[in-house]
Amino acid sequence: MRCRPLDSQTLAIPPTHSESGHEHSPHLHHHFASVDQQREASNFGMWLFLLTEIMFFGGMFTAYLIYRNWYYPAFVAGSHWMIIWAGTLNTVVLICSSFTMAMGVYSAETRNRKALLRYLTATLLLGFVFLGIKAFEWHNEWVEHHVPGLNFSIHDFTHVDPRYPDDKPLSPDMAEKTQTYFSLYFLLTGVHALHMLIGVSILFFLIFNAWRGAYTTGHMTFIENFGLYWHFVDIVWIFLFPLLYLISRHQ
Amino acid sequence: MSEELDEPTHHAHTVVHPKVYALVFGALLFLTALTTGVSYVELGVFNAVVALAIAVIKGSLVVLFFMHMRYSSKLLKLTICSGFFTLFVLLSLTMTDYISRAWGLW
(Lines give C-alpha, C1' and ligand atoms only; values in the text may rest on other atoms or scores of the structure.)
Protein backbone atom coordinates (compact mmCIF):
# COMPACT_ATOMS: atom_id res chain seq x y z
CA MET A 1 0.00 0.00 0.00
CA ARG A 2 1.25 3.41 -0.95
CA CYS A 3 1.82 5.41 2.17
CA ARG A 4 -0.17 8.63 2.32
CA PRO A 5 0.99 10.51 5.39
CA LEU A 6 -1.49 12.56 7.36
CA ASP A 7 -0.97 16.31 7.75
CA SER A 8 0.56 15.98 11.21
CA GLN A 9 3.01 13.45 9.88
CA THR A 10 4.29 15.43 6.91
CA LEU A 11 6.05 17.60 9.47
CA ALA A 12 7.51 14.76 11.54
CA ILE A 13 8.48 12.45 8.70
CA PRO A 14 11.32 13.27 6.29
CA PRO A 15 10.08 14.35 2.86
CA THR A 16 11.38 11.19 1.24
CA HIS A 17 8.84 9.09 3.11
CA SER A 18 5.98 9.27 0.65
CA GLU A 19 8.22 9.31 -2.40
CA SER A 20 10.15 6.16 -1.56
CA GLY A 21 7.27 3.83 -2.46
CA HIS A 22 7.12 2.67 1.15
CA GLU A 23 5.17 -0.58 1.36
CA HIS A 24 3.67 -2.09 4.46
CA SER A 25 0.73 -3.98 5.84
CA PRO A 26 -2.55 -2.04 5.76
CA HIS A 27 -2.84 -2.78 9.47
CA LEU A 28 0.30 -0.92 10.45
CA HIS A 29 -0.35 2.25 12.38
CA HIS A 30 2.18 4.92 11.60
CA HIS A 31 3.32 5.57 15.12
CA PHE A 32 4.92 2.12 15.05
CA ALA A 33 8.10 1.35 13.18
CA SER A 34 6.99 -2.14 12.18
CA VAL A 35 4.14 -4.65 12.46
CA ASP A 36 6.19 -6.63 14.98
CA GLN A 37 6.59 -3.62 17.24
CA GLN A 38 2.88 -2.86 16.93
CA ARG A 39 1.97 -6.39 17.86
CA GLU A 40 4.40 -6.42 20.77
CA ALA A 41 3.00 -3.11 22.05
CA SER A 42 -0.52 -4.47 21.76
CA ASN A 43 0.36 -7.60 23.74
CA PHE A 44 2.17 -5.46 26.29
CA GLY A 45 -0.93 -3.32 26.76
CA MET A 46 -3.09 -6.40 27.19
CA TRP A 47 -0.71 -7.80 29.80
CA LEU A 48 -0.82 -4.48 31.69
CA PHE A 49 -4.59 -4.79 31.80
CA LEU A 50 -4.28 -8.39 33.04
CA LEU A 51 -1.98 -7.14 35.79
CA THR A 52 -4.77 -4.89 37.02
CA GLU A 53 -7.05 -7.93 36.92
CA ILE A 54 -4.53 -9.91 38.99
CA MET A 55 -4.71 -7.19 41.64
CA PHE A 56 -8.49 -7.04 41.38
CA PHE A 57 -8.89 -10.74 42.10
CA GLY A 58 -5.90 -10.54 44.44
CA GLY A 59 -7.81 -8.29 46.80
CA MET A 60 -10.64 -10.80 47.03
CA PHE A 61 -8.22 -13.67 47.53
CA THR A 62 -6.58 -11.72 50.37
CA ALA A 63 -9.96 -11.33 52.07
CA TYR A 64 -10.48 -15.06 51.65
CA LEU A 65 -7.05 -15.76 53.14
CA ILE A 66 -7.73 -13.71 56.27
CA TYR A 67 -11.20 -15.09 56.95
CA ARG A 68 -10.25 -18.68 56.24
CA ASN A 69 -7.53 -18.40 58.86
CA TRP A 70 -9.87 -16.74 61.34
CA TYR A 71 -12.90 -18.99 60.92
CA TYR A 72 -11.37 -22.21 59.64
CA PRO A 73 -14.02 -24.62 61.08
CA ALA A 74 -16.75 -22.56 59.42
CA PHE A 75 -14.89 -22.68 56.11
CA VAL A 76 -14.49 -26.44 56.38
CA ALA A 77 -18.21 -26.86 57.09
CA GLY A 78 -19.18 -24.55 54.24
CA SER A 79 -16.81 -26.23 51.79
CA HIS A 80 -18.31 -29.63 52.60
CA TRP A 81 -21.55 -28.42 51.03
CA MET A 82 -19.90 -27.70 47.70
CA ILE A 83 -20.79 -30.13 44.91
CA ILE A 84 -17.36 -31.52 44.16
CA TRP A 85 -18.21 -33.16 40.84
CA ALA A 86 -19.56 -29.82 39.60
CA GLY A 87 -16.41 -27.98 40.63
CA THR A 88 -14.07 -30.61 39.17
CA LEU A 89 -16.06 -30.77 35.95
CA ASN A 90 -16.01 -26.99 35.65
CA THR A 91 -12.24 -27.04 36.09
CA VAL A 92 -11.92 -29.62 33.31
CA VAL A 93 -14.30 -27.61 31.10
CA LEU A 94 -12.25 -24.44 31.49
CA ILE A 95 -8.96 -26.26 30.87
CA CYS A 96 -10.45 -27.68 27.67
CA SER A 97 -11.62 -24.22 26.66
CA SER A 98 -8.11 -22.86 27.22
CA PHE A 99 -6.77 -25.59 24.97
CA THR A 100 -9.31 -24.83 22.23
CA MET A 101 -8.52 -21.11 22.55
CA ALA A 102 -4.78 -21.76 22.21
CA MET A 103 -5.53 -23.86 19.13
CA GLY A 104 -7.66 -20.98 17.86
CA VAL A 105 -4.67 -18.66 18.10
CA TYR A 106 -2.61 -21.26 16.24
CA SER A 107 -5.28 -21.46 13.53
CA ALA A 108 -5.25 -17.70 13.10
CA GLU A 109 -1.45 -17.72 12.89
CA THR A 110 -1.53 -20.39 10.20
CA ARG A 111 -4.39 -18.58 8.45
CA ASN A 112 -6.80 -21.49 8.72
CA ARG A 113 -10.20 -19.79 8.77
CA LYS A 114 -12.29 -22.93 9.16
CA ALA A 115 -10.15 -24.27 11.99
CA LEU A 116 -10.24 -20.89 13.71
CA LEU A 117 -14.03 -20.88 13.53
CA ARG A 118 -14.24 -24.39 14.89
CA TYR A 119 -11.94 -23.66 17.82
CA LEU A 120 -13.59 -20.35 18.68
CA THR A 121 -17.01 -22.01 18.60
CA ALA A 122 -15.74 -24.86 20.80
CA THR A 123 -14.38 -22.31 23.28
CA LEU A 124 -17.73 -20.53 23.27
CA LEU A 125 -19.68 -23.74 23.88
CA LEU A 126 -17.36 -24.78 26.70
CA GLY A 127 -17.80 -21.32 28.21
CA PHE A 128 -21.55 -21.82 28.18
CA VAL A 129 -21.22 -25.27 29.75
CA PHE A 130 -19.22 -23.71 32.56
CA LEU A 131 -21.82 -21.00 33.13
CA GLY A 132 -24.60 -23.58 33.02
CA ILE A 133 -22.98 -25.71 35.72
CA LYS A 134 -22.36 -22.57 37.77
CA ALA A 135 -26.03 -21.61 37.48
CA PHE A 136 -26.99 -25.10 38.62
CA GLU A 137 -24.69 -24.77 41.63
CA TRP A 138 -25.99 -21.34 42.57
CA HIS A 139 -29.56 -22.56 42.32
CA ASN A 140 -28.55 -25.38 44.61
CA GLU A 141 -27.20 -22.94 47.21
CA TRP A 142 -30.49 -21.08 47.02
CA VAL A 143 -32.49 -24.24 47.59
CA GLU A 144 -30.29 -25.23 50.53
CA HIS A 145 -30.61 -21.82 52.20
CA HIS A 146 -26.94 -20.98 51.82
CA VAL A 147 -27.31 -17.56 50.22
CA PRO A 148 -26.18 -14.84 52.64
CA GLY A 149 -28.55 -11.91 52.83
CA LEU A 150 -31.35 -13.79 51.07
CA ASN A 151 -32.35 -16.94 52.89
CA PHE A 152 -29.32 -18.03 54.88
CA SER A 153 -29.90 -20.60 57.60
CA ILE A 154 -27.24 -22.00 59.91
CA HIS A 155 -29.28 -25.14 60.51
CA ASP A 156 -27.06 -27.30 58.30
CA PHE A 157 -23.99 -26.34 60.31
CA THR A 158 -25.34 -26.73 63.84
CA HIS A 159 -26.46 -30.27 63.18
CA VAL A 160 -24.51 -33.37 62.23
CA ASP A 161 -23.81 -33.60 58.50
CA PRO A 162 -24.77 -37.18 57.52
CA ARG A 163 -22.08 -37.21 54.83
CA TYR A 164 -19.39 -36.41 57.41
CA PRO A 165 -20.67 -38.20 60.54
CA ASP A 166 -17.32 -37.84 62.34
CA ASP A 167 -17.48 -34.04 62.14
CA LYS A 168 -18.69 -32.21 65.18
CA PRO A 169 -21.44 -29.71 64.44
CA LEU A 170 -20.45 -26.06 64.94
CA SER A 171 -21.43 -23.85 67.82
CA PRO A 172 -23.95 -21.15 66.81
CA ASP A 173 -21.18 -18.52 66.94
CA MET A 174 -18.95 -20.34 64.50
CA ALA A 175 -21.96 -21.50 62.45
CA GLU A 176 -22.80 -17.85 61.82
CA LYS A 177 -19.35 -17.45 60.29
CA THR A 178 -20.26 -19.84 57.49
CA GLN A 179 -22.03 -16.81 56.05
CA THR A 180 -18.59 -15.31 55.56
CA TYR A 181 -17.53 -18.40 53.63
CA PHE A 182 -20.59 -18.29 51.41
CA SER A 183 -20.31 -14.54 50.90
CA LEU A 184 -16.77 -15.04 49.66
CA TYR A 185 -17.93 -17.98 47.57
CA PHE A 186 -20.57 -15.91 45.79
CA LEU A 187 -18.26 -12.91 45.48
CA LEU A 188 -15.38 -14.88 43.98
CA THR A 189 -17.39 -17.14 41.69
CA GLY A 190 -19.73 -14.26 40.81
CA VAL A 191 -16.97 -11.90 39.70
CA HIS A 192 -15.33 -14.81 37.91
CA ALA A 193 -18.61 -15.65 36.16
CA LEU A 194 -18.96 -12.00 35.16
CA HIS A 195 -15.56 -12.20 33.51
CA MET A 196 -16.69 -15.38 31.75
CA LEU A 197 -19.82 -13.59 30.50
CA ILE A 198 -17.74 -10.73 29.13
CA GLY A 199 -15.44 -13.25 27.48
CA VAL A 200 -18.34 -15.14 25.96
CA SER A 201 -19.86 -11.91 24.61
CA ILE A 202 -16.59 -10.92 22.97
CA LEU A 203 -16.36 -14.44 21.53
CA PHE A 204 -19.61 -13.92 19.62
CA PHE A 205 -18.10 -10.82 18.09
CA LEU A 206 -14.86 -12.67 17.31
CA ILE A 207 -16.64 -15.60 15.69
CA PHE A 208 -18.63 -13.29 13.46
CA ASN A 209 -15.51 -11.41 12.39
CA ALA A 210 -13.49 -14.60 11.99
CA TRP A 211 -16.19 -15.93 9.68
CA ARG A 212 -15.71 -12.81 7.58
CA GLY A 213 -12.00 -13.62 7.39
CA ALA A 214 -10.80 -10.76 9.59
CA TYR A 215 -8.18 -12.75 11.50
CA THR A 216 -6.77 -15.07 8.87
CA THR A 217 -5.03 -12.50 6.69
CA GLY A 218 -2.05 -12.09 8.99
CA HIS A 219 -3.45 -9.59 11.47
CA MET A 220 -4.62 -11.64 14.43
CA THR A 221 -3.63 -9.47 17.38
CA PHE A 222 -7.23 -9.29 18.61
CA ILE A 223 -7.44 -13.09 18.78
CA GLU A 224 -4.08 -13.24 20.54
CA ASN A 225 -5.08 -10.66 23.14
CA PHE A 226 -8.47 -12.25 23.70
CA GLY A 227 -6.67 -15.55 24.19
CA LEU A 228 -4.61 -13.92 26.95
CA TYR A 229 -7.81 -12.75 28.63
CA TRP A 230 -9.45 -16.14 28.36
CA HIS A 231 -6.43 -17.97 29.77
CA PHE A 232 -6.29 -15.51 32.64
CA VAL A 233 -9.91 -16.22 33.57
CA ASP A 234 -9.02 -19.93 33.48
CA ILE A 235 -6.09 -19.36 35.84
CA VAL A 236 -8.34 -17.56 38.32
CA TRP A 237 -10.63 -20.58 38.38
CA ILE A 238 -7.63 -22.92 38.75
CA PHE A 239 -6.97 -21.19 42.07
CA LEU A 240 -10.60 -20.78 43.08
CA PHE A 241 -11.36 -24.48 42.75
CA PRO A 242 -9.04 -25.90 45.44
CA LEU A 243 -9.60 -22.92 47.75
CA LEU A 244 -13.39 -23.18 47.72
CA TYR A 245 -14.10 -26.84 47.05
CA LEU A 246 -11.21 -28.81 48.48
CA ILE A 247 -10.90 -27.52 52.03
CA SER A 248 -10.22 -30.71 53.99
CA ARG A 249 -12.30 -33.21 52.09
CA HIS A 250 -10.36 -35.83 53.98
CA GLN A 251 -11.94 -35.11 57.29
CA MET B 1 1.89 -6.27 -2.74
CA SER B 2 3.87 -9.36 -1.77
CA GLU B 3 5.59 -7.47 1.03
CA GLU B 4 2.22 -6.82 2.61
CA LEU B 5 1.61 -10.54 2.90
CA ASP B 6 5.15 -11.32 4.02
CA GLU B 7 5.36 -8.86 6.87
CA PRO B 8 2.46 -9.92 9.10
CA THR B 9 3.63 -13.53 9.31
CA HIS B 10 7.20 -12.52 10.07
CA HIS B 11 6.74 -12.90 13.81
CA ALA B 12 9.13 -11.71 16.43
CA HIS B 13 7.89 -14.69 18.39
CA THR B 14 7.61 -18.31 17.32
CA VAL B 15 4.41 -20.07 16.29
CA VAL B 16 3.86 -22.65 19.00
CA HIS B 17 3.24 -26.16 17.68
CA PRO B 18 -0.05 -27.82 18.69
CA LYS B 19 1.93 -30.71 20.14
CA VAL B 20 3.13 -28.40 22.90
CA TYR B 21 -0.44 -27.33 23.59
CA ALA B 22 -1.59 -30.96 23.66
CA LEU B 23 1.12 -31.93 26.15
CA VAL B 24 0.30 -29.01 28.43
CA PHE B 25 -3.40 -29.84 28.12
CA GLY B 26 -2.73 -33.42 29.20
CA ALA B 27 -0.60 -32.24 32.11
CA LEU B 28 -3.34 -29.87 33.26
CA LEU B 29 -5.97 -32.61 33.20
CA PHE B 30 -3.70 -34.94 35.14
CA LEU B 31 -2.95 -32.25 37.74
CA THR B 32 -6.68 -31.55 38.13
CA ALA B 33 -7.35 -35.22 38.86
CA LEU B 34 -4.38 -35.22 41.23
CA THR B 35 -5.49 -32.20 43.20
CA THR B 36 -9.00 -33.59 43.65
CA GLY B 37 -7.67 -37.02 44.58
CA VAL B 38 -5.07 -35.76 47.05
CA SER B 39 -7.69 -33.67 48.84
CA TYR B 40 -9.22 -36.92 50.09
CA VAL B 41 -5.94 -38.02 51.68
CA GLU B 42 -5.26 -36.87 55.23
CA LEU B 43 -2.14 -34.70 55.19
CA GLY B 44 -2.99 -32.28 57.97
CA VAL B 45 -1.77 -28.79 57.27
CA PHE B 46 -0.02 -29.97 54.11
CA ASN B 47 -3.32 -30.47 52.30
CA ALA B 48 -3.51 -26.74 51.74
CA VAL B 49 0.16 -26.57 50.79
CA VAL B 50 -0.15 -29.37 48.23
CA ALA B 51 -3.39 -27.98 46.80
CA LEU B 52 -1.84 -24.54 46.33
CA ALA B 53 1.40 -25.97 44.97
CA ILE B 54 -0.52 -27.91 42.32
CA ALA B 55 -2.57 -24.82 41.50
CA VAL B 56 0.64 -22.80 41.08
CA ILE B 57 2.05 -25.45 38.73
CA LYS B 58 -1.14 -25.48 36.66
CA GLY B 59 -1.23 -21.70 36.54
CA SER B 60 2.43 -21.59 35.53
CA LEU B 61 1.83 -24.05 32.69
CA VAL B 62 -1.02 -21.89 31.38
CA VAL B 63 1.01 -18.67 31.65
CA LEU B 64 4.17 -20.12 30.13
CA PHE B 65 2.71 -22.06 27.23
CA PHE B 66 -0.88 -21.07 26.51
CA MET B 67 -0.17 -17.40 27.15
CA HIS B 68 3.21 -17.65 25.38
CA MET B 69 5.35 -16.27 28.18
CA ARG B 70 7.96 -18.90 27.35
CA TYR B 71 8.25 -17.43 23.86
CA SER B 72 7.95 -13.78 24.79
CA SER B 73 10.40 -10.91 24.82
CA LYS B 74 12.19 -9.90 28.01
CA LEU B 75 9.88 -6.92 28.30
CA LEU B 76 6.82 -9.13 28.48
CA LYS B 77 8.48 -11.61 30.82
CA LEU B 78 9.42 -8.79 33.18
CA THR B 79 5.91 -7.34 33.00
CA ILE B 80 4.29 -10.66 33.88
CA CYS B 81 6.69 -11.28 36.75
CA SER B 82 6.14 -7.80 38.13
CA GLY B 83 2.39 -8.49 38.17
CA PHE B 84 2.81 -11.58 40.30
CA PHE B 85 5.37 -9.81 42.47
CA THR B 86 2.86 -7.05 43.19
CA LEU B 87 0.24 -9.66 44.08
CA PHE B 88 2.75 -11.28 46.40
CA VAL B 89 3.34 -7.90 48.06
CA LEU B 90 -0.42 -7.47 48.52
CA LEU B 91 -0.78 -10.87 50.15
CA SER B 92 2.33 -10.89 52.33
CA LEU B 93 2.26 -7.31 53.60
CA THR B 94 -1.45 -7.55 54.42
CA MET B 95 -0.71 -10.74 56.33
CA THR B 96 2.17 -9.10 58.26
CA ASP B 97 -0.21 -6.34 59.23
CA TYR B 98 -2.82 -8.73 60.58
CA ILE B 99 -0.40 -11.15 62.17
CA SER B 100 1.46 -8.43 64.01
CA ARG B 101 -1.58 -6.52 65.26
CA ALA B 102 -4.92 -8.22 64.98
CA TRP B 103 -4.34 -11.93 65.29
CA GLY B 104 -6.77 -13.59 67.69
CA LEU B 105 -8.72 -10.38 68.15
CA TRP B 106 -11.72 -11.41 66.10
# chains A, B, ... in the order shown; residues from 1 in each chain; ligands from 1
call {"tool": "closest_atom_pairs", "arguments": {"of": "chain A", "to": "chain B", "cutoff": "7 Å", "atoms": "only C-alpha atoms", "output": "JSON lines"}}
result
{"residue": "A:Glu23", "atom": "CA", "partner": "B:Glu3", "partner_atom": "CA", "distance": 6.9}
{"residue": "A:His24", "atom": "CA", "partner": "B:Glu4", "partner_atom": "CA", "distance": 5.3}
{"residue": "A:Ser25", "atom": "CA", "partner": "B:Glu4", "partner_atom": "CA", "distance": 4.5}
{"residue": "A:Val35", "atom": "CA", "partner": "B:Pro8", "partner_atom": "CA", "distance": 6.5}
{"residue": "A:Asp36", "atom": "CA", "partner": "B:Ala12", "partner_atom": "CA", "distance": 6.0}
{"residue": "A:Phe44", "atom": "CA", "partner": "B:Leu76", "partner_atom": "CA", "distance": 6.3}
{"residue": "A:Leu51", "atom": "CA", "partner": "B:Gly83", "partner_atom": "CA", "distance": 5.2}
{"residue": "A:Ile54", "atom": "CA", "partner": "B:Leu87", "partner_atom": "CA", "distance": 7.0}
{"residue": "A:Met55", "atom": "CA", "partner": "B:Leu87", "partner_atom": "CA", "distance": 6.0}
{"residue": "A:Gly58", "atom": "CA", "partner": "B:Leu87", "partner_atom": "CA", "distance": 6.2}
{"residue": "A:Thr62", "atom": "CA", "partner": "B:Leu91", "partner_atom": "CA", "distance": 5.9}
{"residue": "A:Val92", "atom": "CA", "partner": "B:Leu29", "partner_atom": "CA", "distance": 6.7}
{"residue": "A:Phe99", "atom": "CA", "partner": "B:Phe25", "partner_atom": "CA", "distance": 6.3}
{"residue": "A:Ala102", "atom": "CA", "partner": "B:Phe66", "partner_atom": "CA", "distance": 5.8}
{"residue": "A:Met103", "atom": "CA", "partner": "B:Pro18", "partner_atom": "CA", "distance": 6.8}
{"residue": "A:Gly218", "atom": "CA", "partner": "B:Pro8", "partner_atom": "CA", "distance": 5.0}
{"residue": "A:His219", "atom": "CA", "partner": "B:Pro8", "partner_atom": "CA", "distance": 6.4}
{"residue": "A:Leu228", "atom": "CA", "partner": "B:Met67", "partner_atom": "CA", "distance": 5.6}
{"residue": "A:His231", "atom": "CA", "partner": "B:Met67", "partner_atom": "CA", "distance": 6.8}
{"residue": "A:Ile235", "atom": "CA", "partner": "B:Gly59", "partner_atom": "CA", "distance": 5.4}
{"residue": "A:Ile238", "atom": "CA", "partner": "B:Ala55", "partner_atom": "CA", "distance": 6.1}
{"residue": "A:Phe239", "atom": "CA", "partner": "B:Ala55", "partner_atom": "CA", "distance": 5.7}
{"residue": "A:Pro242", "atom": "CA", "partner": "B:Ala51", "partner_atom": "CA", "distance": 6.2}
{"residue": "A:Leu246", "atom": "CA", "partner": "B:Ser39", "partner_atom": "CA", "distance": 6.0}
{"residue": "A:Ser248", "atom": "CA", "partner": "B:Ser39", "partner_atom": "CA", "distance": 6.5}
{"residue": "A:Arg249", "atom": "CA", "partner": "B:Tyr40", "partner_atom": "CA", "distance": 5.2}
{"residue": "A:His250", "atom": "CA", "partner": "B:Tyr40", "partner_atom": "CA", "distance": 4.2}
call {"tool": "residues_around", "arguments": {"residues": "Thr180 of chain A", "least_positions_apart": "4", "cutoff": "8 Å", "atoms": "only C-alpha atoms", "output": "number ranges by chain"}}
result
A: 67, 176, 184
call {"tool": "atom_distance", "arguments": {"atom1": "atom CA of Leu50 of chain A", "atom2": "atom CA of Pro26 of chain A"}}
result
28.1 Å
call {"tool": "atom_distance", "arguments": {"atom1": "atom CA of Tyr71 of chain B", "atom2": "atom CA of Val20 of chain B"}}
result
12.1 Å
call {"tool": "decode", "arguments": {"residues": "segment 47-79 of chain A", "atoms": "N, CA and C atoms", "output": "mmCIF file, in the first residue's frame"}}
result
data_model
loop_
_atom_site.group_PDB
_atom_site.id
_atom_site.type_symbol
_atom_site.label_atom_id
_atom_site.label_comp_id
_atom_site.auth_asym_id
_atom_site.auth_seq_id
_atom_site.Cartn_x
_atom_site.Cartn_y
_atom_site.Cartn_z
ATOM 1 N N TRP A 47 -1.287 -7.263 28.567
ATOM 2 C CA TRP A 47 -0.712 -7.795 29.805
ATOM 3 C C TRP A 47 -0.842 -6.791 30.949
ATOM 4 N N LEU A 48 -0.652 -5.504 30.654
ATOM 5 C CA LEU A 48 -0.817 -4.481 31.695
ATOM 6 C C LEU A 48 -2.236 -4.520 32.239
ATOM 7 N N PHE A 49 -3.209 -4.669 31.344
ATOM 8 C CA PHE A 49 -4.587 -4.793 31.799
ATOM 9 C C PHE A 49 -4.753 -6.038 32.671
ATOM 10 N N LEU A 50 -4.158 -7.160 32.249
ATOM 11 C CA LEU A 50 -4.279 -8.388 33.042
ATOM 12 C C LEU A 50 -3.632 -8.224 34.410
ATOM 13 N N LEU A 51 -2.603 -7.410 34.494
ATOM 14 C CA LEU A 51 -1.984 -7.142 35.791
ATOM 15 C C LEU A 51 -2.971 -6.455 36.725
ATOM 16 N N THR A 52 -3.758 -5.531 36.170
ATOM 17 C CA THR A 52 -4.768 -4.888 37.016
ATOM 18 C C THR A 52 -5.806 -5.918 37.456
ATOM 19 N N GLU A 53 -6.102 -6.873 36.575
ATOM 20 C CA GLU A 53 -7.046 -7.934 36.923
ATOM 21 C C GLU A 53 -6.475 -8.839 38.011
ATOM 22 N N ILE A 54 -5.168 -9.105 37.949
ATOM 23 C CA ILE A 54 -4.528 -9.910 38.995
ATOM 24 C C ILE A 54 -4.718 -9.222 40.346
ATOM 25 N N MET A 55 -4.544 -7.914 40.377
ATOM 26 C CA MET A 55 -4.706 -7.190 41.641
ATOM 27 C C MET A 55 -6.165 -7.150 42.064
ATOM 28 N N PHE A 56 -7.063 -7.058 41.090
ATOM 29 C CA PHE A 56 -8.494 -7.041 41.381
ATOM 30 C C PHE A 56 -8.908 -8.341 42.077
ATOM 31 N N PHE A 57 -8.581 -9.470 41.469
ATOM 32 C CA PHE A 57 -8.893 -10.744 42.103
ATOM 33 C C PHE A 57 -8.034 -10.944 43.343
ATOM 34 N N GLY A 58 -6.805 -10.410 43.307
ATOM 35 C CA GLY A 58 -5.900 -10.537 44.440
ATOM 36 C C GLY A 58 -6.491 -10.000 45.726
ATOM 37 N N GLY A 59 -7.178 -8.871 45.615
ATOM 38 C CA GLY A 59 -7.809 -8.292 46.797
ATOM 39 C C GLY A 59 -8.818 -9.247 47.413
ATOM 40 N N MET A 60 -9.621 -9.865 46.540
ATOM 41 C CA MET A 60 -10.638 -10.801 47.028
ATOM 42 C C MET A 60 -9.996 -12.051 47.620
ATOM 43 N N PHE A 61 -8.915 -12.505 46.990
ATOM 44 C CA PHE A 61 -8.218 -13.675 47.527
ATOM 45 C C PHE A 61 -7.617 -13.356 48.894
ATOM 46 N N THR A 62 -7.150 -12.123 49.070
ATOM 47 C CA THR A 62 -6.584 -11.722 50.370
ATOM 48 C C THR A 62 -7.662 -11.781 51.453
ATOM 49 N N ALA A 63 -8.846 -11.270 51.117
ATOM 50 C CA ALA A 63 -9.959 -11.335 52.073
ATOM 51 C C ALA A 63 -10.241 -12.793 52.436
ATOM 52 N N TYR A 64 -10.259 -13.640 51.429
ATOM 53 C CA TYR A 64 -10.484 -15.064 51.654
ATOM 54 C C TYR A 64 -9.422 -15.631 52.589
ATOM 55 N N LEU A 65 -8.158 -15.249 52.344
ATOM 56 C CA LEU A 65 -7.045 -15.759 53.137
ATOM 57 C C LEU A 65 -7.213 -15.417 54.620
ATOM 58 N N ILE A 66 -7.568 -14.148 54.887
ATOM 59 C CA ILE A 66 -7.734 -13.709 56.269
ATOM 60 C C ILE A 66 -8.866 -14.485 56.937
ATOM 61 N N TYR A 67 -10.031 -14.479 56.310
ATOM 62 C CA TYR A 67 -11.199 -15.086 56.950
ATOM 63 C C TYR A 67 -11.097 -16.590 57.072
ATOM 64 N N ARG A 68 -10.427 -17.237 56.125
ATOM 65 C CA ARG A 68 -10.250 -18.680 56.243
ATOM 66 C C ARG A 68 -9.391 -19.022 57.456
ATOM 67 N N ASN A 69 -8.383 -18.167 57.696
ATOM 68 C CA ASN A 69 -7.526 -18.398 58.859
ATOM 69 C C ASN A 69 -8.274 -18.123 60.162
ATOM 70 N N TRP A 70 -9.151 -17.108 60.127
ATOM 71 C CA TRP A 70 -9.866 -16.743 61.345
ATOM 72 C C TRP A 70 -10.979 -17.739 61.691
ATOM 73 N N TYR A 71 -11.722 -18.162 60.691
ATOM 74 C CA TYR A 71 -12.901 -18.986 60.924
ATOM 75 C C TYR A 71 -12.775 -20.339 60.230
ATOM 76 N N TYR A 72 -11.650 -20.983 60.390
ATOM 77 C CA TYR A 72 -11.367 -22.210 59.643
ATOM 78 C C TYR A 72 -12.467 -23.272 59.769
ATOM 79 N N PRO A 73 -12.955 -23.584 60.986
ATOM 80 C CA PRO A 73 -14.018 -24.624 61.076
ATOM 81 C C PRO A 73 -15.241 -24.272 60.246
ATOM 82 N N ALA A 74 -15.590 -22.981 60.215
ATOM 83 C CA ALA A 74 -16.750 -22.564 59.421
ATOM 84 C C ALA A 74 -16.486 -22.760 57.933
ATOM 85 N N PHE A 75 -15.246 -22.497 57.520
ATOM 86 C CA PHE A 75 -14.892 -22.677 56.114
ATOM 87 C C PHE A 75 -14.915 -24.151 55.735
ATOM 88 N N VAL A 76 -14.444 -24.997 56.643
ATOM 89 C CA VAL A 76 -14.494 -26.439 56.381
ATOM 90 C C VAL A 76 -15.937 -26.885 56.204
ATOM 91 N N ALA A 77 -16.792 -26.456 57.143
ATOM 92 C CA ALA A 77 -18.209 -26.859 57.091
ATOM 93 C C ALA A 77 -18.865 -26.353 55.811
ATOM 94 N N GLY A 78 -18.591 -25.117 55.457
ATOM 95 C CA GLY A 78 -19.177 -24.546 54.243
ATOM 96 C C GLY A 78 -18.711 -25.294 53.002
ATOM 97 N N SER A 79 -17.391 -25.573 52.953
ATOM 98 C CA SER A 79 -16.813 -26.230 51.786
ATOM 99 C C SER A 79 -17.379 -27.635 51.591
#
